[in-house]
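Text of work00.cif, listed as mmCIF, N, CA and C atoms:
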data_data
#
loop_
_atom_site.label_atom_id
_atom_site.label_comp_id
_atom_site.auth_asym_id
_atom_site.auth_seq_id
_atom_site.Cartn_x
_atom_site.Cartn_y
_atom_site.Cartn_z
N MET W 1 -32.82 -30.77 13.27
CA MET W 1 -32.15 -30.03 12.22
C MET W 1 -30.73 -29.72 12.68
N SER W 2 -29.77 -30.12 11.93
CA SER W 2 -28.39 -29.86 12.33
C SER W 2 -27.88 -28.63 11.60
N SER W 3 -27.11 -27.89 12.32
CA SER W 3 -26.50 -26.71 11.69
C SER W 3 -24.99 -26.79 11.90
N TYR W 4 -24.28 -26.28 10.95
CA TYR W 4 -22.83 -26.27 11.06
C TYR W 4 -22.31 -25.04 10.33
N LYS W 5 -21.14 -24.63 10.74
CA LYS W 5 -20.50 -23.51 10.06
C LYS W 5 -19.45 -24.08 9.13
N SER W 6 -19.45 -23.60 7.94
CA SER W 6 -18.39 -24.04 7.02
C SER W 6 -17.12 -23.29 7.38
N ALA W 7 -16.02 -23.96 7.31
CA ALA W 7 -14.74 -23.35 7.64
C ALA W 7 -14.33 -22.39 6.53
N VAL W 8 -13.90 -21.23 6.92
CA VAL W 8 -13.43 -20.23 5.98
C VAL W 8 -11.91 -20.21 6.09
N ARG W 9 -11.26 -20.40 4.98
CA ARG W 9 -9.80 -20.38 4.98
C ARG W 9 -9.33 -18.95 4.90
N LEU W 10 -8.45 -18.58 5.83
CA LEU W 10 -7.92 -17.23 5.87
C LEU W 10 -6.43 -17.25 5.59
N LEU W 11 -5.99 -16.25 4.87
CA LEU W 11 -4.57 -16.08 4.57
C LEU W 11 -4.08 -14.80 5.21
N LYS W 12 -2.86 -14.80 5.67
CA LYS W 12 -2.27 -13.61 6.28
C LYS W 12 -1.79 -12.64 5.21
N CYS W 13 -1.90 -11.36 5.54
CA CYS W 13 -1.31 -10.31 4.72
C CYS W 13 0.21 -10.54 4.73
N PHE W 14 0.94 -9.91 3.85
CA PHE W 14 2.39 -10.08 3.80
C PHE W 14 3.05 -9.76 5.13
N CYS W 15 2.51 -8.78 5.83
CA CYS W 15 3.11 -8.39 7.10
C CYS W 15 2.42 -9.07 8.28
N GLY W 16 1.41 -9.89 8.01
CA GLY W 16 0.70 -10.57 9.08
C GLY W 16 -0.30 -9.69 9.81
N CYS W 17 -0.60 -8.52 9.27
CA CYS W 17 -1.47 -7.58 9.97
C CYS W 17 -2.95 -7.91 9.85
N GLN W 18 -3.32 -8.74 8.90
CA GLN W 18 -4.74 -9.02 8.71
C GLN W 18 -4.94 -10.39 8.10
N ASP W 19 -6.10 -10.94 8.30
CA ASP W 19 -6.47 -12.19 7.66
C ASP W 19 -7.36 -11.87 6.48
N MET W 20 -7.17 -12.60 5.41
CA MET W 20 -7.96 -12.39 4.21
C MET W 20 -8.46 -13.74 3.72
N THR W 21 -9.67 -13.74 3.18
CA THR W 21 -10.19 -14.98 2.62
C THR W 21 -9.46 -15.27 1.31
N VAL W 22 -9.49 -16.52 0.92
CA VAL W 22 -8.88 -16.92 -0.35
C VAL W 22 -9.54 -16.14 -1.49
N GLU W 23 -10.84 -15.97 -1.41
CA GLU W 23 -11.57 -15.23 -2.45
C GLU W 23 -11.09 -13.78 -2.55
N GLU W 24 -10.84 -13.16 -1.40
CA GLU W 24 -10.37 -11.78 -1.39
C GLU W 24 -8.96 -11.68 -1.99
N VAL W 25 -8.11 -12.62 -1.67
CA VAL W 25 -6.77 -12.63 -2.23
C VAL W 25 -6.84 -12.85 -3.74
N GLN W 26 -7.73 -13.72 -4.19
CA GLN W 26 -7.92 -13.94 -5.63
C GLN W 26 -8.41 -12.66 -6.30
N ARG W 27 -9.35 -11.98 -5.66
CA ARG W 27 -9.88 -10.73 -6.22
C ARG W 27 -8.75 -9.73 -6.41
N ILE W 28 -7.91 -9.60 -5.40
CA ILE W 28 -6.80 -8.65 -5.46
C ILE W 28 -5.79 -9.06 -6.52
N TYR W 29 -5.55 -10.35 -6.62
CA TYR W 29 -4.57 -10.83 -7.61
C TYR W 29 -4.99 -10.43 -9.03
N TYR W 30 -6.27 -10.49 -9.33
CA TYR W 30 -6.74 -10.21 -10.69
C TYR W 30 -6.96 -8.72 -10.98
N LEU W 31 -6.73 -7.87 -10.00
CA LEU W 31 -6.85 -6.43 -10.24
C LEU W 31 -5.70 -5.95 -11.12
N THR W 32 -5.98 -5.00 -11.98
CA THR W 32 -4.91 -4.33 -12.71
C THR W 32 -4.17 -3.44 -11.71
N LEU W 33 -3.01 -2.93 -12.10
CA LEU W 33 -2.29 -2.04 -11.20
C LEU W 33 -3.13 -0.80 -10.90
N GLN W 34 -3.78 -0.25 -11.91
CA GLN W 34 -4.60 0.94 -11.69
C GLN W 34 -5.68 0.65 -10.66
N ALA W 35 -6.35 -0.48 -10.78
CA ALA W 35 -7.38 -0.84 -9.80
C ALA W 35 -6.76 -1.10 -8.44
N THR W 36 -5.56 -1.68 -8.41
CA THR W 36 -4.87 -1.92 -7.14
C THR W 36 -4.60 -0.61 -6.42
N LEU W 37 -4.18 0.40 -7.16
CA LEU W 37 -3.85 1.69 -6.55
C LEU W 37 -5.10 2.41 -6.03
N ILE W 38 -6.25 2.09 -6.59
CA ILE W 38 -7.51 2.73 -6.19
C ILE W 38 -8.18 1.96 -5.06
N ASP W 39 -8.07 0.65 -5.08
CA ASP W 39 -8.71 -0.21 -4.08
C ASP W 39 -7.94 -0.12 -2.76
N ARG W 40 -8.63 0.31 -1.71
CA ARG W 40 -7.97 0.56 -0.42
C ARG W 40 -7.25 -0.68 0.11
N GLN W 41 -7.92 -1.82 0.10
CA GLN W 41 -7.32 -3.04 0.65
C GLN W 41 -6.15 -3.51 -0.21
N ALA W 42 -6.30 -3.45 -1.53
CA ALA W 42 -5.23 -3.88 -2.43
C ALA W 42 -4.02 -2.94 -2.31
N ALA W 43 -4.27 -1.64 -2.22
CA ALA W 43 -3.17 -0.69 -2.07
C ALA W 43 -2.42 -0.94 -0.77
N LYS W 44 -3.16 -1.24 0.29
CA LYS W 44 -2.54 -1.53 1.59
C LYS W 44 -1.67 -2.78 1.49
N LEU W 45 -2.16 -3.78 0.79
CA LEU W 45 -1.41 -5.02 0.62
C LEU W 45 -0.14 -4.77 -0.20
N PHE W 46 -0.25 -4.00 -1.26
CA PHE W 46 0.92 -3.69 -2.10
C PHE W 46 1.95 -2.90 -1.29
N LYS W 47 1.48 -1.91 -0.54
CA LYS W 47 2.39 -1.12 0.30
C LYS W 47 3.08 -2.00 1.33
N SER W 48 2.35 -2.91 1.93
CA SER W 48 2.91 -3.83 2.90
C SER W 48 3.99 -4.69 2.25
N TYR W 49 3.73 -5.16 1.05
CA TYR W 49 4.71 -5.96 0.32
C TYR W 49 5.98 -5.14 0.08
N LEU W 50 5.81 -3.90 -0.38
CA LEU W 50 6.97 -3.06 -0.67
C LEU W 50 7.80 -2.82 0.59
N GLU W 51 7.13 -2.54 1.70
CA GLU W 51 7.84 -2.29 2.95
C GLU W 51 8.57 -3.54 3.44
N LYS W 52 7.90 -4.67 3.34
CA LYS W 52 8.48 -5.93 3.82
C LYS W 52 9.71 -6.32 3.01
N ASN W 53 9.69 -6.03 1.74
CA ASN W 53 10.79 -6.43 0.86
C ASN W 53 11.83 -5.34 0.64
N ARG W 54 11.74 -4.26 1.38
CA ARG W 54 12.69 -3.16 1.25
C ARG W 54 14.07 -3.62 1.74
N ARG W 55 15.06 -3.27 0.97
CA ARG W 55 16.43 -3.54 1.36
C ARG W 55 17.18 -2.21 1.34
N GLY W 56 17.28 -1.61 2.52
CA GLY W 56 17.93 -0.30 2.58
C GLY W 56 16.93 0.80 2.25
N ASP W 57 17.31 1.65 1.33
CA ASP W 57 16.45 2.77 0.94
C ASP W 57 15.22 2.26 0.19
N LYS W 58 14.22 3.10 0.12
CA LYS W 58 13.00 2.75 -0.62
C LYS W 58 13.33 2.58 -2.09
N SER W 59 12.70 1.60 -2.70
CA SER W 59 12.87 1.38 -4.14
C SER W 59 12.15 2.49 -4.90
N LEU W 60 12.45 2.61 -6.18
CA LEU W 60 11.74 3.59 -7.01
C LEU W 60 10.25 3.28 -7.02
N ALA W 61 9.89 2.01 -7.08
CA ALA W 61 8.47 1.65 -7.09
C ALA W 61 7.78 2.14 -5.83
N GLU W 62 8.43 1.99 -4.69
CA GLU W 62 7.83 2.45 -3.43
C GLU W 62 7.75 3.97 -3.40
N GLN W 63 8.78 4.64 -3.86
CA GLN W 63 8.76 6.10 -3.92
C GLN W 63 7.65 6.59 -4.85
N TYR W 64 7.53 5.95 -5.99
CA TYR W 64 6.51 6.34 -6.95
C TYR W 64 5.11 6.06 -6.41
N PHE W 65 4.96 4.96 -5.69
CA PHE W 65 3.67 4.62 -5.08
C PHE W 65 3.27 5.72 -4.09
N GLU W 66 4.19 6.15 -3.26
CA GLU W 66 3.90 7.20 -2.29
C GLU W 66 3.60 8.53 -2.99
N ALA W 67 4.33 8.85 -4.04
CA ALA W 67 4.07 10.08 -4.79
C ALA W 67 2.71 10.00 -5.48
N TYR W 68 2.38 8.82 -6.01
CA TYR W 68 1.07 8.61 -6.63
C TYR W 68 -0.05 8.90 -5.63
N GLU W 69 0.09 8.35 -4.43
CA GLU W 69 -0.92 8.58 -3.39
C GLU W 69 -1.01 10.06 -3.01
N LEU W 70 0.13 10.72 -2.90
CA LEU W 70 0.13 12.14 -2.53
C LEU W 70 -0.52 12.99 -3.63
N CYS W 71 -0.28 12.64 -4.88
CA CYS W 71 -0.96 13.35 -5.99
C CYS W 71 -2.47 13.23 -5.83
N GLY W 72 -2.92 12.04 -5.47
CA GLY W 72 -4.35 11.84 -5.25
C GLY W 72 -4.88 12.71 -4.12
N GLU W 73 -4.09 12.85 -3.07
CA GLU W 73 -4.50 13.72 -1.95
C GLU W 73 -4.60 15.17 -2.42
N TYR W 74 -3.66 15.59 -3.24
CA TYR W 74 -3.65 16.98 -3.73
C TYR W 74 -4.81 17.28 -4.67
N MET W 75 -5.40 16.24 -5.25
CA MET W 75 -6.52 16.47 -6.17
C MET W 75 -7.87 16.49 -5.48
N LYS W 76 -7.90 16.23 -4.20
CA LYS W 76 -9.17 16.25 -3.48
C LYS W 76 -9.73 17.66 -3.47
N PRO W 77 -11.05 17.79 -3.58
CA PRO W 77 -11.68 19.11 -3.71
C PRO W 77 -11.35 20.09 -2.58
N HIS W 78 -11.22 19.61 -1.37
CA HIS W 78 -10.99 20.52 -0.25
C HIS W 78 -9.56 21.05 -0.17
N VAL W 79 -8.66 20.54 -1.00
CA VAL W 79 -7.26 20.94 -0.92
C VAL W 79 -7.03 22.29 -1.59
N GLY W 80 -7.69 22.53 -2.69
CA GLY W 80 -7.48 23.79 -3.40
C GLY W 80 -6.22 23.73 -4.24
N VAL W 81 -5.69 24.87 -4.61
CA VAL W 81 -4.50 24.96 -5.46
C VAL W 81 -3.28 24.56 -4.63
N ILE W 82 -2.48 23.65 -5.18
CA ILE W 82 -1.29 23.24 -4.44
C ILE W 82 -0.19 24.27 -4.60
N THR W 83 0.72 24.26 -3.65
CA THR W 83 1.79 25.26 -3.61
C THR W 83 3.13 24.63 -3.98
N LEU W 84 4.13 25.46 -4.06
CA LEU W 84 5.48 24.96 -4.34
C LEU W 84 5.99 24.12 -3.17
N ASP W 85 5.53 24.39 -1.95
CA ASP W 85 5.91 23.56 -0.80
C ASP W 85 5.38 22.14 -0.98
N GLU W 86 4.18 22.03 -1.50
CA GLU W 86 3.61 20.70 -1.74
C GLU W 86 4.34 20.01 -2.89
N LEU W 87 4.78 20.78 -3.87
CA LEU W 87 5.61 20.22 -4.93
C LEU W 87 6.90 19.66 -4.33
N ASP W 88 7.48 20.39 -3.39
CA ASP W 88 8.70 19.91 -2.72
C ASP W 88 8.47 18.59 -2.01
N GLU W 89 7.28 18.40 -1.45
CA GLU W 89 6.97 17.12 -0.80
C GLU W 89 7.01 15.98 -1.82
N LEU W 90 6.47 16.22 -3.00
CA LEU W 90 6.51 15.21 -4.07
C LEU W 90 7.95 14.94 -4.51
N VAL W 91 8.73 16.01 -4.63
CA VAL W 91 10.13 15.85 -5.02
C VAL W 91 10.87 15.03 -3.97
N ASP W 92 10.60 15.29 -2.70
CA ASP W 92 11.23 14.54 -1.62
C ASP W 92 10.89 13.06 -1.68
N LEU W 93 9.71 12.74 -2.22
CA LEU W 93 9.30 11.33 -2.36
C LEU W 93 9.93 10.66 -3.58
N GLY W 94 10.58 11.46 -4.42
CA GLY W 94 11.25 10.87 -5.58
C GLY W 94 10.61 11.20 -6.91
N LEU W 95 9.79 12.24 -6.97
CA LEU W 95 9.18 12.63 -8.25
C LEU W 95 10.29 12.91 -9.27
N PRO W 96 10.22 12.27 -10.44
CA PRO W 96 11.25 12.51 -11.47
C PRO W 96 11.31 13.99 -11.87
N ARG W 97 12.50 14.42 -12.22
CA ARG W 97 12.78 15.83 -12.52
C ARG W 97 11.86 16.39 -13.61
N GLU W 98 11.64 15.63 -14.68
CA GLU W 98 10.81 16.16 -15.78
C GLU W 98 9.37 16.39 -15.33
N LEU W 99 8.88 15.54 -14.42
CA LEU W 99 7.53 15.74 -13.89
C LEU W 99 7.48 16.91 -12.91
N GLU W 100 8.55 17.09 -12.18
CA GLU W 100 8.65 18.24 -11.27
C GLU W 100 8.58 19.54 -12.07
N ILE W 101 9.32 19.60 -13.16
CA ILE W 101 9.33 20.81 -14.00
C ILE W 101 7.94 21.09 -14.56
N GLU W 102 7.28 20.05 -15.07
CA GLU W 102 5.94 20.20 -15.64
C GLU W 102 4.95 20.70 -14.59
N LEU W 103 4.97 20.10 -13.40
CA LEU W 103 4.04 20.51 -12.35
C LEU W 103 4.37 21.91 -11.85
N ASN W 104 5.63 22.25 -11.76
CA ASN W 104 6.04 23.59 -11.33
C ASN W 104 5.47 24.65 -12.26
N GLU W 105 5.54 24.38 -13.56
CA GLU W 105 4.98 25.33 -14.54
C GLU W 105 3.47 25.50 -14.35
N GLN W 106 2.77 24.41 -14.07
CA GLN W 106 1.32 24.49 -13.89
C GLN W 106 0.96 25.18 -12.58
N ILE W 107 1.74 24.95 -11.54
CA ILE W 107 1.48 25.61 -10.25
C ILE W 107 1.62 27.13 -10.41
N LYS W 108 2.61 27.55 -11.18
CA LYS W 108 2.84 28.98 -11.39
C LYS W 108 1.66 29.64 -12.09
N THR W 109 0.88 28.88 -12.88
CA THR W 109 -0.28 29.47 -13.55
C THR W 109 -1.40 29.75 -12.56
N GLY W 110 -1.44 28.98 -11.46
CA GLY W 110 -2.50 29.14 -10.48
C GLY W 110 -3.84 28.58 -10.94
N ASP W 111 -3.87 27.94 -12.09
CA ASP W 111 -5.10 27.38 -12.65
C ASP W 111 -5.30 25.96 -12.11
N ASN W 112 -6.27 25.80 -11.22
CA ASN W 112 -6.48 24.52 -10.56
C ASN W 112 -6.80 23.40 -11.54
N ASP W 113 -7.53 23.69 -12.61
CA ASP W 113 -7.84 22.66 -13.61
C ASP W 113 -6.58 22.16 -14.30
N LYS W 114 -5.69 23.09 -14.67
CA LYS W 114 -4.43 22.69 -15.31
C LYS W 114 -3.57 21.88 -14.34
N ILE W 115 -3.55 22.28 -13.09
CA ILE W 115 -2.76 21.57 -12.09
C ILE W 115 -3.32 20.16 -11.89
N THR W 116 -4.64 20.05 -11.82
CA THR W 116 -5.27 18.73 -11.64
C THR W 116 -4.97 17.83 -12.83
N ARG W 117 -5.08 18.36 -14.05
CA ARG W 117 -4.75 17.56 -15.24
C ARG W 117 -3.30 17.11 -15.21
N CYS W 118 -2.42 17.98 -14.77
CA CYS W 118 -1.01 17.65 -14.67
C CYS W 118 -0.80 16.55 -13.62
N LEU W 119 -1.49 16.65 -12.49
CA LEU W 119 -1.38 15.62 -11.46
C LEU W 119 -1.87 14.27 -11.98
N PHE W 120 -2.94 14.27 -12.78
CA PHE W 120 -3.42 13.03 -13.40
C PHE W 120 -2.36 12.44 -14.33
N ARG W 121 -1.71 13.30 -15.13
CA ARG W 121 -0.66 12.83 -16.03
C ARG W 121 0.51 12.25 -15.23
N ILE W 122 0.85 12.93 -14.16
CA ILE W 122 1.94 12.44 -13.29
C ILE W 122 1.57 11.07 -12.73
N GLN W 123 0.34 10.94 -12.25
CA GLN W 123 -0.08 9.64 -11.73
C GLN W 123 0.03 8.56 -12.80
N GLY W 124 -0.35 8.87 -14.02
CA GLY W 124 -0.25 7.90 -15.11
C GLY W 124 1.19 7.49 -15.38
N THR W 125 2.09 8.45 -15.38
CA THR W 125 3.51 8.16 -15.59
C THR W 125 4.06 7.30 -14.46
N LEU W 126 3.71 7.66 -13.23
CA LEU W 126 4.18 6.89 -12.06
C LEU W 126 3.60 5.47 -12.09
N ARG W 127 2.33 5.37 -12.42
CA ARG W 127 1.66 4.06 -12.49
C ARG W 127 2.36 3.17 -13.52
N ASN W 128 2.68 3.73 -14.68
CA ASN W 128 3.37 2.95 -15.72
C ASN W 128 4.73 2.47 -15.23
N ALA W 129 5.45 3.34 -14.54
CA ALA W 129 6.77 2.97 -14.02
C ALA W 129 6.65 1.88 -12.96
N ILE W 130 5.65 1.98 -12.11
CA ILE W 130 5.43 0.95 -11.08
C ILE W 130 5.10 -0.38 -11.75
N GLU W 131 4.24 -0.33 -12.75
CA GLU W 131 3.79 -1.55 -13.41
C GLU W 131 4.95 -2.29 -14.09
N GLU W 132 5.93 -1.55 -14.55
CA GLU W 132 7.09 -2.15 -15.21
C GLU W 132 8.17 -2.59 -14.22
N SER W 133 7.99 -2.28 -12.95
CA SER W 133 9.03 -2.55 -11.96
C SER W 133 9.10 -4.02 -11.55
N GLU W 134 10.27 -4.41 -11.11
CA GLU W 134 10.47 -5.76 -10.59
C GLU W 134 9.65 -5.96 -9.31
N GLU W 135 9.47 -4.89 -8.54
CA GLU W 135 8.71 -4.99 -7.29
C GLU W 135 7.26 -5.37 -7.55
N TYR W 136 6.67 -4.77 -8.59
CA TYR W 136 5.28 -5.10 -8.90
C TYR W 136 5.16 -6.54 -9.38
N LYS W 137 6.11 -6.95 -10.22
CA LYS W 137 6.11 -8.34 -10.68
C LYS W 137 6.27 -9.29 -9.49
N GLY W 138 7.16 -8.93 -8.55
CA GLY W 138 7.35 -9.75 -7.36
C GLY W 138 6.12 -9.81 -6.50
N TYR W 139 5.41 -8.70 -6.41
CA TYR W 139 4.16 -8.63 -5.64
C TYR W 139 3.13 -9.59 -6.23
N LYS W 140 2.95 -9.54 -7.53
CA LYS W 140 1.98 -10.43 -8.18
C LYS W 140 2.39 -11.90 -7.99
N ASP W 141 3.68 -12.17 -8.13
CA ASP W 141 4.17 -13.54 -7.92
C ASP W 141 3.94 -13.99 -6.48
N ALA W 142 4.14 -13.10 -5.52
CA ALA W 142 3.95 -13.45 -4.11
C ALA W 142 2.49 -13.76 -3.81
N ILE W 143 1.58 -13.01 -4.42
CA ILE W 143 0.15 -13.29 -4.22
C ILE W 143 -0.19 -14.65 -4.83
N LEU W 144 0.31 -14.90 -6.03
CA LEU W 144 0.05 -16.18 -6.68
C LEU W 144 0.60 -17.34 -5.84
N GLU W 145 1.78 -17.16 -5.29
CA GLU W 145 2.37 -18.19 -4.44
C GLU W 145 1.50 -18.43 -3.20
N LYS W 146 1.00 -17.34 -2.64
CA LYS W 146 0.11 -17.44 -1.46
C LYS W 146 -1.16 -18.23 -1.83
N LEU W 147 -1.69 -17.96 -3.00
CA LEU W 147 -2.90 -18.68 -3.45
C LEU W 147 -2.60 -20.16 -3.72
N ASN W 148 -1.46 -20.43 -4.29
CA ASN W 148 -1.10 -21.82 -4.58
C ASN W 148 -0.90 -22.64 -3.32
N ARG W 149 -0.50 -21.98 -2.23
CA ARG W 149 -0.32 -22.68 -0.95
C ARG W 149 -1.65 -22.88 -0.23
N ALA W 150 -2.68 -22.15 -0.65
CA ALA W 150 -3.98 -22.21 0.07
C ALA W 150 -4.72 -23.49 -0.20
#

Encoding of this model in structure tokens:
Amino acid sequence: MSSYKSAVRLLKCFCGCQDMTVEEVQRIYYLTLQATLIDRQAAKLFKSYLEKNRRGDKSLAEQYFEAYELCGEYMKPHVGVITLDELDELVDLGLPRELEIELNEQIKTGDNDKITRCLFRIQGTLRNAIEESEEYKGYKDAILEKLNRA
């Protein structure tokens, strides 16, 4: 009885930090942006792409991606009510002024449910802005190019 291992084709992450199967790259390519932001491996790949393609300061898409992630951290049950200092962290990441004002008003109420709903709305606004960005389009094109070379 002969046994053999079938060869698995691996592709490098944008930064070369990991090998991925063609199937995994295909899976990530077909994810929506919302699913990409939730999927740990896809989010890591997107972040790697943004960092690799940075020219000078962080792009708005990269700033919004980081703010999106931080909003998610603030919504975790063990965090509790966020403070104005935490709002400042989001502002430092590039949170748009109108979203800062909205979240500031909710933080002042001290109502964790209202703050969480506001953070969800902020994530939605940031997600939409990322999805419309040239960086996201470039990311999807880069994955497709990687698949076409496989």

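The gap separating atom N of Tyr68 (chain W) from CA of Ala43 (chain W) is 11.7 Å, in Å to one decimal.
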
**Message:** Ranking W:Ile130, W:Lys44, W:Asp88, W:Leu50 by minimum distance to Tyr64 (chain W) and counting only C-alpha atoms, which one comes first?
**Reply:** W:Ile130

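With distances taken over all atoms listed in the file, W:Glu102 is the one residue among W:Glu145, W:Glu102, W:Glu66, W:Asp19 lying closest to Leu119 (chain W).
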
**Request:** Tell me, as JSON, numbers by chain, which residues lie within 9 Å of Ile28 (chain W), counting only C-alpha atoms; anything in the same chain fewer than 4 positions away does not count.
**Result:** {"W": [23, 24, 32, 35, 36, 39, 41, 42, 45, 143]}

Once you have the residues from the selection above, write them out as a compact mmCIF listing (two decimals), in the frame of the given file, restricted to N, CA and C atoms.
# COMPACT_ATOMS: atom_id res chain seq x y z
N GLU W 23 -10.84 -15.97 -1.41
CA GLU W 23 -11.57 -15.23 -2.45
C GLU W 23 -11.09 -13.78 -2.55
N GLU W 24 -10.84 -13.16 -1.40
CA GLU W 24 -10.37 -11.78 -1.39
C GLU W 24 -8.96 -11.68 -1.99
N THR W 32 -5.98 -5.00 -11.98
CA THR W 32 -4.91 -4.33 -12.71
C THR W 32 -4.17 -3.44 -11.71
N ALA W 35 -6.35 -0.48 -10.78
CA ALA W 35 -7.38 -0.84 -9.80
C ALA W 35 -6.76 -1.10 -8.44
N THR W 36 -5.56 -1.68 -8.41
CA THR W 36 -4.87 -1.92 -7.14
C THR W 36 -4.60 -0.61 -6.42
N ASP W 39 -8.07 0.65 -5.08
CA ASP W 39 -8.71 -0.21 -4.08
C ASP W 39 -7.94 -0.12 -2.76
N GLN W 41 -7.92 -1.82 0.10
CA GLN W 41 -7.32 -3.04 0.65
C GLN W 41 -6.15 -3.51 -0.21
N ALA W 42 -6.30 -3.45 -1.53
CA ALA W 42 -5.23 -3.88 -2.43
C ALA W 42 -4.02 -2.94 -2.31
N LEU W 45 -2.16 -3.78 0.79
CA LEU W 45 -1.41 -5.02 0.62
C LEU W 45 -0.14 -4.77 -0.20
N ILE W 143 1.58 -13.01 -4.42
CA ILE W 143 0.15 -13.29 -4.22
C ILE W 143 -0.19 -14.65 -4.83

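Of the listed residues (W:Gly80, W:Cys71, W:Asn104, W:Leu90), W:Cys71 comes nearest to Ile122 (chain W); the distances count all atoms listed in the file.
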
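The spacing separating CA of Thr125 (chain W) from atom N of Pro96 (chain W) amounts to 9.4 Å.
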
**Item:** strand (DSSP E or B) residues, from DSSP on the backbone, in chain W, as a list of chain:residue names
**Value:** W:Leu10, W:Leu11, W:Lys12, W:Asp19, W:Met20, W:Thr21

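Coordinates place CA of Leu93 (chain W) at a distance of 5.5 Å from CA of Gln63 (chain W).
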
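Shortest atom-to-atom contact with Gly72 (chain W) among W:Ala142, W:Gln123, W:Glu134, W:Glu86: W:Gln123, counting all atoms listed in the file.
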
**Request:** From the DSSP assignment of the backbone, select every residue of region 11-71 of chain W that is alpha helix (DSSP H), and format the answer as an NGL selection string.
**Result:** :W and (22-29 or 33-38 or 40-52 or 60-71)
